[in-house]
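Okay, final_13.cif now, which holds mmCIF, C-alpha atoms and all ligand atoms:
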```
data_work
loop_
_atom_site.group_PDB
_atom_site.id
_atom_site.type_symbol
_atom_site.label_atom_id
_atom_site.label_comp_id
_atom_site.auth_asym_id
_atom_site.auth_seq_id
_atom_site.Cartn_x
_atom_site.Cartn_y
_atom_site.Cartn_z
ATOM 1 C CA MET Q 178 0.000 0.000 0.000
ATOM 2 C CA PRO Q 179 1.535 3.309 -1.074
ATOM 3 C CA ASN Q 180 1.872 5.657 1.865
ATOM 4 C CA THR Q 181 2.123 9.365 1.129
ATOM 5 C CA ALA Q 182 -0.177 11.045 -1.400
ATOM 6 C CA LEU Q 183 0.171 14.577 -2.729
ATOM 7 C CA ILE Q 184 -3.290 15.764 -3.765
ATOM 8 C CA THR Q 185 -3.837 19.012 -5.621
ATOM 9 C CA GLY Q 186 -7.208 20.735 -5.347
ATOM 10 C CA ALA Q 187 -7.841 19.071 -1.976
ATOM 11 C CA SER Q 188 -9.983 21.862 -0.514
ATOM 12 C CA SER Q 189 -13.250 20.680 -2.109
ATOM 13 C CA GLY Q 190 -14.979 18.211 -4.421
ATOM 14 C CA LEU Q 191 -13.034 15.283 -5.807
ATOM 15 C CA GLY Q 192 -9.738 16.328 -4.207
ATOM 16 C CA LYS Q 193 -11.208 16.300 -0.728
ATOM 17 C CA GLU Q 194 -12.637 12.837 -1.352
ATOM 18 C CA PHE Q 195 -9.365 11.476 -2.733
ATOM 19 C CA ALA Q 196 -7.744 12.651 0.502
ATOM 20 C CA ARG Q 197 -10.449 11.020 2.643
ATOM 21 C CA TYR Q 198 -10.173 7.729 0.761
ATOM 22 C CA HIS Q 199 -6.372 7.599 0.880
ATOM 23 C CA ALA Q 200 -6.328 8.507 4.591
ATOM 24 C CA ALA Q 201 -8.973 5.857 5.325
ATOM 25 C CA LYS Q 202 -6.515 3.323 3.886
ATOM 26 C CA GLY Q 203 -3.885 4.532 6.374
ATOM 27 C CA GLY Q 204 -1.896 6.781 4.041
ATOM 28 C CA ASP Q 205 -0.426 10.170 4.897
ATOM 29 C CA VAL Q 206 -1.440 13.140 2.771
ATOM 30 C CA VAL Q 207 -0.048 16.427 1.526
ATOM 31 C CA LEU Q 208 -3.008 18.681 0.800
ATOM 32 C CA THR Q 209 -2.735 21.644 -1.520
ATOM 33 C CA ALA Q 210 -5.096 24.291 -2.952
ATOM 34 C CA ARG Q 211 -5.550 28.031 -2.359
ATOM 35 C CA ARG Q 212 -8.063 27.930 0.530
ATOM 36 C CA GLU Q 213 -5.879 27.288 3.551
ATOM 37 C CA GLU Q 214 -8.740 27.165 6.074
ATOM 38 C CA ALA Q 215 -10.524 24.410 4.185
ATOM 39 C CA LEU Q 216 -7.284 22.425 3.950
ATOM 40 C CA GLU Q 217 -6.592 22.882 7.676
ATOM 41 C CA ALA Q 218 -10.118 21.687 8.518
ATOM 42 C CA LEU Q 219 -9.576 18.589 6.362
ATOM 43 C CA LYS Q 220 -6.199 17.969 8.013
ATOM 44 C CA VAL Q 221 -7.830 18.041 11.475
ATOM 45 C CA GLU Q 222 -10.619 15.707 10.291
ATOM 46 C CA LEU Q 223 -8.270 13.142 8.711
ATOM 47 C CA GLU Q 224 -5.716 13.093 11.522
ATOM 48 C CA ALA Q 225 -8.433 12.643 14.152
ATOM 49 C CA LYS Q 226 -10.350 10.007 12.218
ATOM 50 C CA HIS Q 227 -7.534 7.920 10.776
ATOM 51 C CA GLY Q 228 -4.424 8.661 12.878
ATOM 52 C CA ILE Q 229 -2.424 9.608 9.791
ATOM 53 C CA ALA Q 230 -0.233 12.679 9.205
ATOM 54 C CA ALA Q 231 -1.661 15.423 7.012
ATOM 55 C CA HIS Q 232 0.351 18.399 5.758
ATOM 56 C CA VAL Q 233 -1.074 21.583 4.303
ATOM 57 C CA ILE Q 234 0.684 23.637 1.629
ATOM 58 C CA ALA Q 235 -1.613 26.432 0.489
ATOM 59 C CA LEU Q 236 -0.761 28.124 -2.785
ATOM 60 C CA ASP Q 237 -2.106 29.235 -6.149
ATOM 61 C CA LEU Q 238 -0.838 26.587 -8.565
ATOM 62 C CA SER Q 239 -1.655 28.729 -11.591
ATOM 63 C CA GLU Q 240 1.069 31.217 -10.674
ATOM 64 C CA ALA Q 241 4.437 30.981 -12.405
ATOM 65 C CA GLY Q 242 6.842 28.837 -10.372
ATOM 66 C CA ALA Q 243 4.129 27.546 -8.002
ATOM 67 C CA ALA Q 244 4.629 23.863 -8.861
ATOM 68 C CA GLU Q 245 8.347 24.221 -8.117
ATOM 69 C CA THR Q 246 7.529 25.980 -4.823
ATOM 70 C CA LEU Q 247 5.179 23.123 -3.927
ATOM 71 C CA TYR Q 248 7.774 20.499 -4.819
ATOM 72 C CA ASN Q 249 10.428 22.272 -2.736
ATOM 73 C CA ALA Q 250 8.013 22.577 0.213
ATOM 74 C CA VAL Q 251 7.393 18.815 0.072
ATOM 75 C CA LYS Q 252 11.159 18.226 0.074
ATOM 76 C CA THR Q 253 11.577 20.573 3.033
ATOM 77 C CA LEU Q 254 9.043 18.449 4.928
ATOM 78 C CA GLY Q 255 11.367 15.513 4.199
ATOM 79 C CA MET Q 256 8.609 13.606 2.443
ATOM 80 C CA GLU Q 257 8.692 11.197 -0.473
ATOM 81 C CA ILE Q 258 5.573 11.109 -2.610
ATOM 82 C CA ASP Q 259 4.263 7.625 -3.419
ATOM 83 C CA VAL Q 260 0.983 8.795 -4.960
ATOM 84 C CA LEU Q 261 0.524 11.983 -6.981
ATOM 85 C CA ILE Q 262 -3.068 13.006 -7.669
ATOM 86 C CA ASN Q 263 -3.189 15.866 -10.171
ATOM 87 C CA ASN Q 264 -6.745 16.977 -9.516
ATOM 88 C CA ALA Q 265 -6.830 20.804 -9.305
ATOM 89 C CA GLY Q 266 -8.638 22.330 -12.252
ATOM 90 C CA PHE Q 267 -11.527 24.508 -13.290
ATOM 91 C CA GLY Q 268 -13.744 25.277 -16.270
ATOM 92 C CA GLY Q 269 -15.378 28.436 -17.583
ATOM 93 C CA TYR Q 270 -18.625 28.892 -19.487
ATOM 94 C CA GLY Q 271 -18.809 31.305 -22.436
ATOM 95 C CA HIS Q 272 -17.629 31.905 -25.961
ATOM 96 C CA PHE Q 273 -13.880 32.074 -26.498
ATOM 97 C CA VAL Q 274 -13.784 35.631 -27.835
ATOM 98 C CA GLU Q 275 -16.186 36.955 -25.200
ATOM 99 C CA ARG Q 276 -14.284 35.650 -22.174
ATOM 100 C CA ASP Q 277 -11.160 37.388 -20.900
ATOM 101 C CA LEU Q 278 -7.906 36.178 -22.379
ATOM 102 C CA ALA Q 279 -6.466 36.199 -18.851
ATOM 103 C CA ALA Q 280 -9.161 33.730 -17.708
ATOM 104 C CA HIS Q 281 -8.239 31.362 -20.555
ATOM 105 C CA GLN Q 282 -4.556 31.674 -19.741
ATOM 106 C CA GLY Q 283 -5.154 31.050 -16.025
ATOM 107 C CA MET Q 284 -7.065 27.892 -16.897
ATOM 108 C CA ILE Q 285 -4.263 26.620 -19.122
ATOM 109 C CA ALA Q 286 -1.724 27.519 -16.425
ATOM 110 C CA LEU Q 287 -3.529 25.384 -13.825
ATOM 111 C CA ASN Q 288 -5.114 22.566 -15.843
ATOM 112 C CA VAL Q 289 -2.101 21.992 -18.086
ATOM 113 C CA SER Q 290 1.144 23.789 -17.151
ATOM 114 C CA ALA Q 291 1.106 23.147 -13.396
ATOM 115 C CA LEU Q 292 0.149 19.508 -13.981
ATOM 116 C CA VAL Q 293 3.058 19.014 -16.383
ATOM 117 C CA ASP Q 294 5.525 20.805 -14.101
ATOM 118 C CA LEU Q 295 4.566 18.870 -10.971
ATOM 119 C CA THR Q 296 4.410 15.535 -12.780
ATOM 120 C CA HIS Q 297 7.842 16.035 -14.303
ATOM 121 C CA ARG Q 298 9.453 16.654 -10.928
ATOM 122 C CA ILE Q 299 7.634 13.943 -8.996
ATOM 123 C CA ALA Q 300 7.590 11.257 -11.705
ATOM 124 C CA LYS Q 301 11.359 11.641 -12.015
ATOM 125 C CA ASP Q 302 11.776 10.926 -8.289
ATOM 126 C CA MET Q 303 9.366 7.990 -8.531
ATOM 127 C CA VAL Q 304 11.308 6.465 -11.433
ATOM 128 C CA GLY Q 305 14.510 6.873 -9.410
ATOM 129 C CA ARG Q 306 12.932 4.866 -6.570
ATOM 130 C CA GLY Q 307 11.370 2.324 -8.941
ATOM 131 C CA ARG Q 308 7.817 2.813 -7.703
ATOM 132 C CA GLY Q 309 4.934 5.283 -7.672
ATOM 133 C CA LYS Q 310 1.359 5.911 -8.749
ATOM 134 C CA ILE Q 311 0.093 8.962 -10.635
ATOM 135 C CA LEU Q 312 -3.570 9.792 -11.116
ATOM 136 C CA ASN Q 313 -4.413 12.613 -13.510
ATOM 137 C CA VAL Q 314 -7.947 13.954 -13.409
ATOM 138 C CA GLY Q 315 -8.871 14.503 -17.039
ATOM 139 C CA SER Q 316 -12.482 14.490 -18.193
ATOM 140 C CA THR Q 317 -14.943 13.011 -20.635
ATOM 141 C CA ALA Q 318 -14.806 16.608 -21.962
ATOM 142 C CA GLY Q 319 -11.346 15.706 -23.262
ATOM 143 C CA PHE Q 320 -12.832 13.296 -25.818
ATOM 144 C CA ILE Q 321 -14.589 15.986 -27.853
ATOM 145 C CA PRO Q 322 -14.193 19.667 -28.766
ATOM 146 C CA GLY Q 323 -16.323 21.874 -26.485
ATOM 147 C CA PRO Q 324 -17.997 24.922 -27.994
ATOM 148 C CA GLY Q 325 -19.158 26.980 -25.019
ATOM 149 C CA GLN Q 326 -16.088 25.895 -23.033
ATOM 150 C CA ALA Q 327 -13.511 25.615 -25.799
ATOM 151 C CA ILE Q 328 -10.432 26.056 -23.635
ATOM 152 C CA TYR Q 329 -11.603 23.795 -20.805
ATOM 153 C CA PHE Q 330 -12.314 20.887 -23.176
ATOM 154 C CA ALA Q 331 -8.957 21.441 -24.868
ATOM 155 C CA THR Q 332 -7.090 21.404 -21.540
ATOM 156 C CA LYS Q 333 -8.747 18.101 -20.668
ATOM 157 C CA ALA Q 334 -7.903 16.642 -24.095
ATOM 158 C CA PHE Q 335 -4.301 17.500 -23.206
ATOM 159 C CA VAL Q 336 -4.539 15.757 -19.818
ATOM 160 C CA ASN Q 337 -6.197 12.645 -21.287
ATOM 161 C CA SER Q 338 -3.553 12.394 -24.010
ATOM 162 C CA PHE Q 339 -0.507 13.243 -21.891
ATOM 163 C CA SER Q 340 -1.394 10.807 -19.120
ATOM 164 C CA GLN Q 341 -1.696 7.850 -21.495
ATOM 165 C CA ALA Q 342 1.502 8.620 -23.385
ATOM 166 C CA LEU Q 343 3.340 9.032 -20.080
ATOM 167 C CA ASP Q 344 2.096 5.658 -18.867
ATOM 168 C CA GLN Q 345 3.463 3.979 -21.982
ATOM 169 C CA GLU Q 346 6.846 5.667 -21.501
ATOM 170 C CA LEU Q 347 6.869 4.553 -17.864
ATOM 171 C CA GLN Q 348 6.379 0.849 -18.679
ATOM 172 C CA GLY Q 349 8.907 -1.231 -16.756
ATOM 173 C CA THR Q 350 9.842 1.556 -14.318
ATOM 174 C CA GLY Q 351 7.464 0.571 -11.509
ATOM 175 C CA VAL Q 352 5.579 3.848 -11.973
ATOM 176 C CA THR Q 353 2.127 4.105 -13.546
ATOM 177 C CA SER Q 354 0.047 6.995 -14.841
ATOM 178 C CA THR Q 355 -3.752 6.652 -14.848
ATOM 179 C CA VAL Q 356 -6.228 9.162 -16.233
ATOM 180 C CA LEU Q 357 -9.658 9.427 -14.652
ATOM 181 C CA ALA Q 358 -12.172 10.923 -17.090
ATOM 182 C CA PRO Q 359 -15.320 11.694 -15.116
ATOM 183 C CA GLY Q 360 -18.689 12.716 -16.472
ATOM 184 C CA TYR Q 361 -20.588 15.337 -14.497
ATOM 185 C CA VAL Q 362 -19.799 15.227 -10.763
ATOM 186 C CA GLU Q 363 -21.661 17.329 -8.207
ATOM 187 C CA THR Q 364 -18.947 19.549 -6.720
ATOM 188 C CA GLU Q 365 -18.191 23.267 -6.752
ATOM 189 C CA PHE Q 366 -17.077 22.843 -10.371
ATOM 190 C CA ALA Q 367 -20.349 23.968 -12.041
ATOM 191 C CA GLN Q 368 -20.616 27.081 -9.892
ATOM 192 C CA THR Q 369 -16.974 28.063 -10.467
ATOM 193 C CA ALA Q 370 -17.399 27.522 -14.218
ATOM 194 C CA ASP Q 371 -20.673 29.522 -14.301
ATOM 195 C CA LEU Q 372 -22.377 26.450 -15.742
ATOM 196 C CA GLU Q 373 -25.367 26.387 -13.418
ATOM 197 C CA GLY Q 374 -28.529 26.089 -15.504
ATOM 198 C CA ALA Q 375 -26.731 24.442 -18.442
ATOM 199 C CA ARG Q 376 -28.676 21.576 -20.056
ATOM 200 C CA MET Q 377 -25.889 19.039 -19.479
ATOM 201 C CA LEU Q 378 -26.300 19.398 -15.705
ATOM 202 C CA ARG Q 379 -30.068 18.878 -15.622
ATOM 203 C CA GLY Q 380 -29.972 15.124 -15.027
ATOM 204 C CA GLY Q 381 -27.743 15.551 -11.967
ATOM 205 C CA GLY Q 382 -24.302 14.071 -11.525
ATOM 206 C CA ALA Q 383 -22.329 11.457 -9.640
ATOM 207 C CA THR Q 384 -21.122 12.083 -6.097
ATOM 208 C CA ALA Q 385 -17.527 13.162 -5.548
ATOM 209 C CA ALA Q 386 -16.995 10.343 -3.040
ATOM 210 C CA ASP Q 387 -18.051 7.645 -5.544
ATOM 211 C CA VAL Q 388 -15.978 9.075 -8.398
ATOM 212 C CA ALA Q 389 -12.882 9.584 -6.255
ATOM 213 C CA LYS Q 390 -13.048 5.981 -5.029
ATOM 214 C CA TYR Q 391 -13.550 4.752 -8.598
ATOM 215 C CA GLY Q 392 -10.539 6.693 -9.896
ATOM 216 C CA TYR Q 393 -8.297 5.892 -6.938
ATOM 217 C CA ASP Q 394 -8.972 2.149 -7.203
ATOM 218 C CA ALA Q 395 -8.229 2.270 -10.944
ATOM 219 C CA MET Q 396 -4.937 4.045 -10.194
ATOM 220 C CA ILE Q 397 -3.951 1.359 -7.670
ATOM 221 C CA ARG Q 398 -4.626 -1.287 -10.342
ATOM 222 C CA GLY Q 399 -2.462 0.691 -12.784
ATOM 223 C CA LYS Q 400 -5.288 1.235 -15.284
ATOM 224 C CA LEU Q 401 -4.465 3.423 -18.259
ATOM 225 C CA LEU Q 402 -7.779 5.302 -18.584
ATOM 226 C CA THR Q 403 -10.985 5.043 -16.641
ATOM 227 C CA ILE Q 404 -14.431 6.600 -17.122
ATOM 228 C CA ASN Q 405 -16.823 6.355 -14.183
ATOM 229 C CA ASP Q 406 -19.961 6.856 -16.316
ATOM 230 C CA ARG Q 407 -20.201 3.684 -18.429
ATOM 231 C CA ALA Q 408 -23.014 4.885 -20.724
ATOM 232 C CA LEU Q 409 -21.149 8.099 -21.479
ATOM 233 C CA GLY Q 410 -17.936 6.142 -21.987
ATOM 234 C CA PHE Q 411 -19.656 3.889 -24.543
ATOM 235 C CA MET Q 412 -21.086 6.926 -26.332
ATOM 236 C CA LEU Q 413 -17.732 8.721 -26.504
ATOM 237 C CA ASN Q 414 -15.701 5.684 -27.563
ATOM 238 C CA TRP Q 415 -18.085 3.936 -29.947
ATOM 239 C CA VAL Q 416 -20.765 6.356 -31.164
ATOM 240 C CA THR Q 417 -19.428 9.921 -31.249
ATOM 241 C CA PRO Q 418 -16.397 9.074 -33.462
ATOM 242 C CA LEU Q 419 -18.793 7.796 -36.155
ATOM 243 C CA LEU Q 420 -20.998 10.896 -36.206
ATOM 244 C CA PRO Q 421 -20.363 13.859 -38.521
ATOM 245 C CA ARG Q 422 -18.045 16.233 -36.699
ATOM 246 C CA ARG Q 423 -20.306 19.270 -37.224
ATOM 247 C CA MET Q 424 -23.201 17.361 -35.645
ATOM 248 C CA VAL Q 425 -21.060 16.555 -32.587
ATOM 249 C CA LEU Q 426 -20.069 20.218 -32.241
ATOM 250 C CA ARG Q 427 -23.714 21.303 -32.367
ATOM 251 C CA MET Q 428 -24.707 18.653 -29.812
ATOM 252 C CA VAL Q 429 -21.995 19.782 -27.383
ATOM 253 C CA ALA Q 430 -22.895 23.462 -27.873
ATOM 254 C CA THR Q 431 -26.553 22.665 -27.144
ATOM 255 C CA SER Q 432 -25.746 20.577 -24.089
ATOM 256 C CA GLN Q 433 -23.855 23.499 -22.591
ATOM 257 C CA SER Q 434 -26.423 26.158 -23.396
ATOM 258 C CA LYS Q 435 -28.648 27.480 -20.643
ATOM 259 C CA THR Q 436 -31.841 27.858 -22.696
HETATM 260 N N1 LIG C 501 -17.210 18.194 -11.404
HETATM 261 C C1 LIG C 501 -17.239 17.705 -12.638
HETATM 262 O O1 LIG C 501 -18.303 17.561 -13.267
HETATM 263 C C2 LIG C 501 -15.949 17.283 -13.302
HETATM 264 C C3 LIG C 501 -16.026 16.444 -14.430
HETATM 265 C C4 LIG C 501 -14.848 16.057 -15.052
HETATM 266 C C5 LIG C 501 -13.628 16.462 -14.552
HETATM 267 N N2 LIG C 501 -13.575 17.277 -13.461
HETATM 268 C C6 LIG C 501 -12.256 17.691 -12.969
HETATM 269 O O2 LIG C 501 -12.126 17.291 -11.623
HETATM 270 C C7 LIG C 501 -11.144 18.095 -10.988
HETATM 271 C C8 LIG C 501 -11.662 18.502 -9.622
HETATM 272 O O3 LIG C 501 -12.766 19.353 -9.785
HETATM 273 P P1 LIG C 501 -14.047 19.296 -8.841
HETATM 274 O O4 LIG C 501 -15.178 18.834 -9.654
HETATM 275 O O5 LIG C 501 -13.730 18.604 -7.588
HETATM 276 O O6 LIG C 501 -14.275 20.868 -8.617
HETATM 277 P P2 LIG C 501 -14.093 21.806 -7.358
HETATM 278 O O7 LIG C 501 -14.943 21.339 -6.225
HETATM 279 O O8 LIG C 501 -14.294 23.184 -7.876
HETATM 280 O O9 LIG C 501 -12.570 21.605 -6.942
HETATM 281 C C9 LIG C 501 -11.500 22.210 -7.642
HETATM 282 C C10 LIG C 501 -10.267 22.202 -6.765
HETATM 283 O O10 LIG C 501 -9.192 22.841 -7.485
HETATM 284 C C11 LIG C 501 -8.605 23.831 -6.645
HETATM 285 N N3 LIG C 501 -8.091 24.963 -7.411
HETATM 286 C C12 LIG C 501 -8.790 25.765 -8.268
HETATM 287 N N4 LIG C 501 -7.993 26.742 -8.728
HETATM 288 C C13 LIG C 501 -6.775 26.550 -8.139
HETATM 289 C C14 LIG C 501 -5.539 27.241 -8.212
HETATM 290 N N5 LIG C 501 -5.389 28.337 -8.968
HETATM 291 N N6 LIG C 501 -4.491 26.777 -7.492
HETATM 292 C C15 LIG C 501 -4.633 25.670 -6.714
HETATM 293 N N7 LIG C 501 -5.770 24.973 -6.605
HETATM 294 C C16 LIG C 501 -6.832 25.416 -7.312
HETATM 295 C C17 LIG C 501 -9.754 24.290 -5.738
HETATM 296 O O11 LIG C 501 -9.251 24.826 -4.513
HETATM 297 P P3 LIG C 501 -9.110 26.382 -4.131
HETATM 298 O O12 LIG C 501 -10.301 27.100 -4.710
HETATM 299 O O13 LIG C 501 -9.080 26.327 -2.644
HETATM 300 O O14 LIG C 501 -7.818 26.800 -4.731
HETATM 301 C C18 LIG C 501 -10.468 22.977 -5.473
HETATM 302 O O15 LIG C 501 -9.854 22.302 -4.402
HETATM 303 C C19 LIG C 501 -10.867 19.251 -11.949
HETATM 304 O O16 LIG C 501 -9.652 19.021 -12.624
HETATM 305 C C20 LIG C 501 -12.039 19.198 -12.926
HETATM 306 O O17 LIG C 501 -11.700 19.721 -14.187
HETATM 307 C C21 LIG C 501 -14.703 17.674 -12.819
#
```

Render the structure in this file as structure tokens.
Amino acid sequence: MPNTALITGASSGLGKEFARYHAAKGGDVVLTARREEALEALKVELEAKHGIAAHVIALDLSEAGAAETLYNAVKTLGMEIDVLINNAGFGGYGHFVERDLAAHQGMIALNVSALVDLTHRIAKDMVGRGRGKILNVGSTAGFIPGPGQAIYFATKAFVNSFSQALDQELQGTGVTSTVLAPGYVETEFAQTADLEGARMLRGGGATAADVAKYGYDAMIRGKLLTINDRALGFMLNWVTPLLPRRMVLRMVATSQSKT
């Protein structure tokens, strides 16, 4: 059983549940996100409930150099990371040209650049030790282009692709890279992305606890790619690729509209 997990975006949603699940298995955690109070509250909860050690490193991972700062802070704590869960991320509703360029760039900085930076540093250490597990939180959004959230879908296409290629490169090293591609999960995500009221959310979503457990267990098994929503997974793998591309774009645009 791997011991110490570094979990990004641990202050809410899936990240919080990854931390709870790992701690329940007796593993220590390093919790990171911007909201320090939420991380401290989770630390108190996990230490009291499971007798593990939890460490809080609060920072904005979208800032230049933040992943390096995080990595150095972990080293200063004298910790080795056995499990890296790249979970922090956010979306943003609206047409590309109408949203601020800075908002797009911030999303790319967090969803893509910070993930690459942190993975490079920690995967290298894991390969040196001959063991380690990486879980990247991609999305079913990464399977298709996303009019209405063009940059978010593109960042998740990057994560889905990168994680799988990395896993192939890591074969034989003792380190694995798994990508979890969830469908809609009920977290703070929709509110942060200004998606509330969008058609795609009307049927409700999975719980963060269920999806985190699903993804974590797949990571432990060393799975390459896992989708928690089987019907959506079937649709994206076996139906969508056969449809005319313009039809798919219109369907995605409609699913994200609020009317
Ligand atoms: N919910 C869904 O339907 C869904 C579906 C597919 C994939 N996902 C992916 O799942 C992951 C987790 O999202 P969630 O659904 O759990 O949403 P969430 O509840 O909004 O959690 C997002 C987490 O990311 C952290 N975060 C955001 N900006 C950050 C920044 N600049 N620096 C550091 N941390 C930051 C947040 O913490 P602070 O605000 O405290 O910084 C929070 O802990 C994301 O990568 C998302 O794209 C979600």

Using the chain letters and numbers from this file, what does the PyMOL selection byres (((chain Q and resi 352) around 8) and not hetatm) select? Give the answer as a tab-separated table (two decimals) with C-alpha atoms, in the frame of the given file.
```tsv
chain	number	residue	atom	x	y	z
Q	300	ALA	CA	7.59	11.26	-11.70
Q	303	MET	CA	9.37	7.99	-8.53
Q	304	VAL	CA	11.31	6.46	-11.43
Q	307	GLY	CA	11.37	2.32	-8.94
Q	308	ARG	CA	7.82	2.81	-7.70
Q	309	GLY	CA	4.93	5.28	-7.67
Q	310	LYS	CA	1.36	5.91	-8.75
Q	311	ILE	CA	0.09	8.96	-10.64
Q	344	ASP	CA	2.10	5.66	-18.87
Q	347	LEU	CA	6.87	4.55	-17.86
Q	348	GLN	CA	6.38	0.85	-18.68
Q	349	GLY	CA	8.91	-1.23	-16.76
Q	350	THR	CA	9.84	1.56	-14.32
Q	351	GLY	CA	7.46	0.57	-11.51
Q	353	THR	CA	2.13	4.11	-13.55
Q	354	SER	CA	0.05	7.00	-14.84
```

Listing only residues of chain Q within 7 Å of ligand LIG 501 (chain C), what is the closest atom pair and its distance in Å (to one decimal) for each, using only C-alpha atoms and all ligand atoms, sorted by chain and residue number ascending, as JSON lines?
```
{"residue": "Q:Thr185", "atom": "CA", "partner": "C:LIG501", "partner_atom": "N7", "distance": 6.3}
{"residue": "Q:Gly186", "atom": "CA", "partner": "C:LIG501", "partner_atom": "O15", "distance": 3.2}
{"residue": "Q:Ala187", "atom": "CA", "partner": "C:LIG501", "partner_atom": "O15", "distance": 4.5}
{"residue": "Q:Ser188", "atom": "CA", "partner": "C:LIG501", "partner_atom": "O15", "distance": 3.9}
{"residue": "Q:Ser189", "atom": "CA", "partner": "C:LIG501", "partner_atom": "O15", "distance": 4.4}
{"residue": "Q:Gly190", "atom": "CA", "partner": "C:LIG501", "partner_atom": "O5", "distance": 3.4}
{"residue": "Q:Leu191", "atom": "CA", "partner": "C:LIG501", "partner_atom": "O5", "distance": 3.8}
{"residue": "Q:Gly192", "atom": "CA", "partner": "C:LIG501", "partner_atom": "O5", "distance": 5.7}
{"residue": "Q:Thr209", "atom": "CA", "partner": "C:LIG501", "partner_atom": "N7", "distance": 6.8}
{"residue": "Q:Ala210", "atom": "CA", "partner": "C:LIG501", "partner_atom": "N7", "distance": 3.8}
{"residue": "Q:Arg211", "atom": "CA", "partner": "C:LIG501", "partner_atom": "O14", "distance": 3.5}
{"residue": "Q:Arg212", "atom": "CA", "partner": "C:LIG501", "partner_atom": "O13", "distance": 3.7}
{"residue": "Q:Leu236", "atom": "CA", "partner": "C:LIG501", "partner_atom": "C15", "distance": 6.0}
{"residue": "Q:Asp237", "atom": "CA", "partner": "C:LIG501", "partner_atom": "N6", "distance": 3.7}
{"residue": "Q:Leu238", "atom": "CA", "partner": "C:LIG501", "partner_atom": "N6", "distance": 3.8}
{"residue": "Q:Ser239", "atom": "CA", "partner": "C:LIG501", "partner_atom": "N5", "distance": 4.6}
{"residue": "Q:Asn264", "atom": "CA", "partner": "C:LIG501", "partner_atom": "O16", "distance": 4.7}
{"residue": "Q:Ala265", "atom": "CA", "partner": "C:LIG501", "partner_atom": "O10", "distance": 3.6}
{"residue": "Q:Gly266", "atom": "CA", "partner": "C:LIG501", "partner_atom": "O16", "distance": 3.5}
{"residue": "Q:Phe267", "atom": "CA", "partner": "C:LIG501", "partner_atom": "O17", "distance": 4.9}
{"residue": "Q:Gly268", "atom": "CA", "partner": "C:LIG501", "partner_atom": "O17", "distance": 6.3}
{"residue": "Q:Leu287", "atom": "CA", "partner": "C:LIG501", "partner_atom": "N5", "distance": 6.0}
{"residue": "Q:Asn288", "atom": "CA", "partner": "C:LIG501", "partner_atom": "O16", "distance": 6.6}
{"residue": "Q:Val314", "atom": "CA", "partner": "C:LIG501", "partner_atom": "O16", "distance": 5.4}
{"residue": "Q:Gly315", "atom": "CA", "partner": "C:LIG501", "partner_atom": "C5", "distance": 5.7}
{"residue": "Q:Ser316", "atom": "CA", "partner": "C:LIG501", "partner_atom": "C4", "distance": 4.2}
{"residue": "Q:Thr317", "atom": "CA", "partner": "C:LIG501", "partner_atom": "C4", "distance": 6.4}
{"residue": "Q:Ala318", "atom": "CA", "partner": "C:LIG501", "partner_atom": "C4", "distance": 6.9}
{"residue": "Q:Ala358", "atom": "CA", "partner": "C:LIG501", "partner_atom": "C4", "distance": 6.1}
{"residue": "Q:Pro359", "atom": "CA", "partner": "C:LIG501", "partner_atom": "C4", "distance": 4.4}
{"residue": "Q:Gly360", "atom": "CA", "partner": "C:LIG501", "partner_atom": "C3", "distance": 5.0}
{"residue": "Q:Tyr361", "atom": "CA", "partner": "C:LIG501", "partner_atom": "O1", "distance": 3.4}
{"residue": "Q:Val362", "atom": "CA", "partner": "C:LIG501", "partner_atom": "O1", "distance": 3.7}
{"residue": "Q:Glu363", "atom": "CA", "partner": "C:LIG501", "partner_atom": "N1", "distance": 5.5}
{"residue": "Q:Thr364", "atom": "CA", "partner": "C:LIG501", "partner_atom": "O7", "distance": 4.4}
{"residue": "Q:Glu365", "atom": "CA", "partner": "C:LIG501", "partner_atom": "O7", "distance": 3.8}
{"residue": "Q:Phe366", "atom": "CA", "partner": "C:LIG501", "partner_atom": "O8", "distance": 3.8}
{"residue": "Q:Ala367", "atom": "CA", "partner": "C:LIG501", "partner_atom": "N1", "distance": 6.6}
{"residue": "Q:Thr369", "atom": "CA", "partner": "C:LIG501", "partner_atom": "O8", "distance": 6.1}
{"residue": "Q:Ala385", "atom": "CA", "partner": "C:LIG501", "partner_atom": "O5", "distance": 6.9}
```

With distances taken over all atoms listed in the file, which of Q:Ala231, Q:Ala241, Q:Ile397, Q:Leu413 is nearest to Ile184 (chain Q)?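 Once distances to Ile184 (chain Q) are computed over all atoms listed in the file, the minimum belongs to Q:Ala231.
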
Could you write out as AutoDock Vina command-line options the box around region 268-276 of chain Q (axis-aligned, all atoms listed in the file, 8 Å on each side), with centre and edge lengths in Å to one decimal?
```
--center_x -16.3 --center_y 31.1 --center_z -22.1 --size_x 21.1 --size_y 27.7 --size_z 27.6
```

Provide the CA of Gly319 (chain Q) to CA of Gly242 (chain Q) distance in Å, to one decimal place. 25.9 Å

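Considering the residues Q:Gly269, Q:Gly381, Q:Gly399, Q:Pro324 and counting all atoms listed in the file, Leu312 (chain Q) has its shortest atom-to-atom contact with Q:Gly399.
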
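Among Q:Val221, Q:Ala182, Q:Leu278, Q:Val356, the residue with the shortest atom-to-atom distance to Met256 (chain Q), counting all atoms listed in the file, is Q:Ala182.
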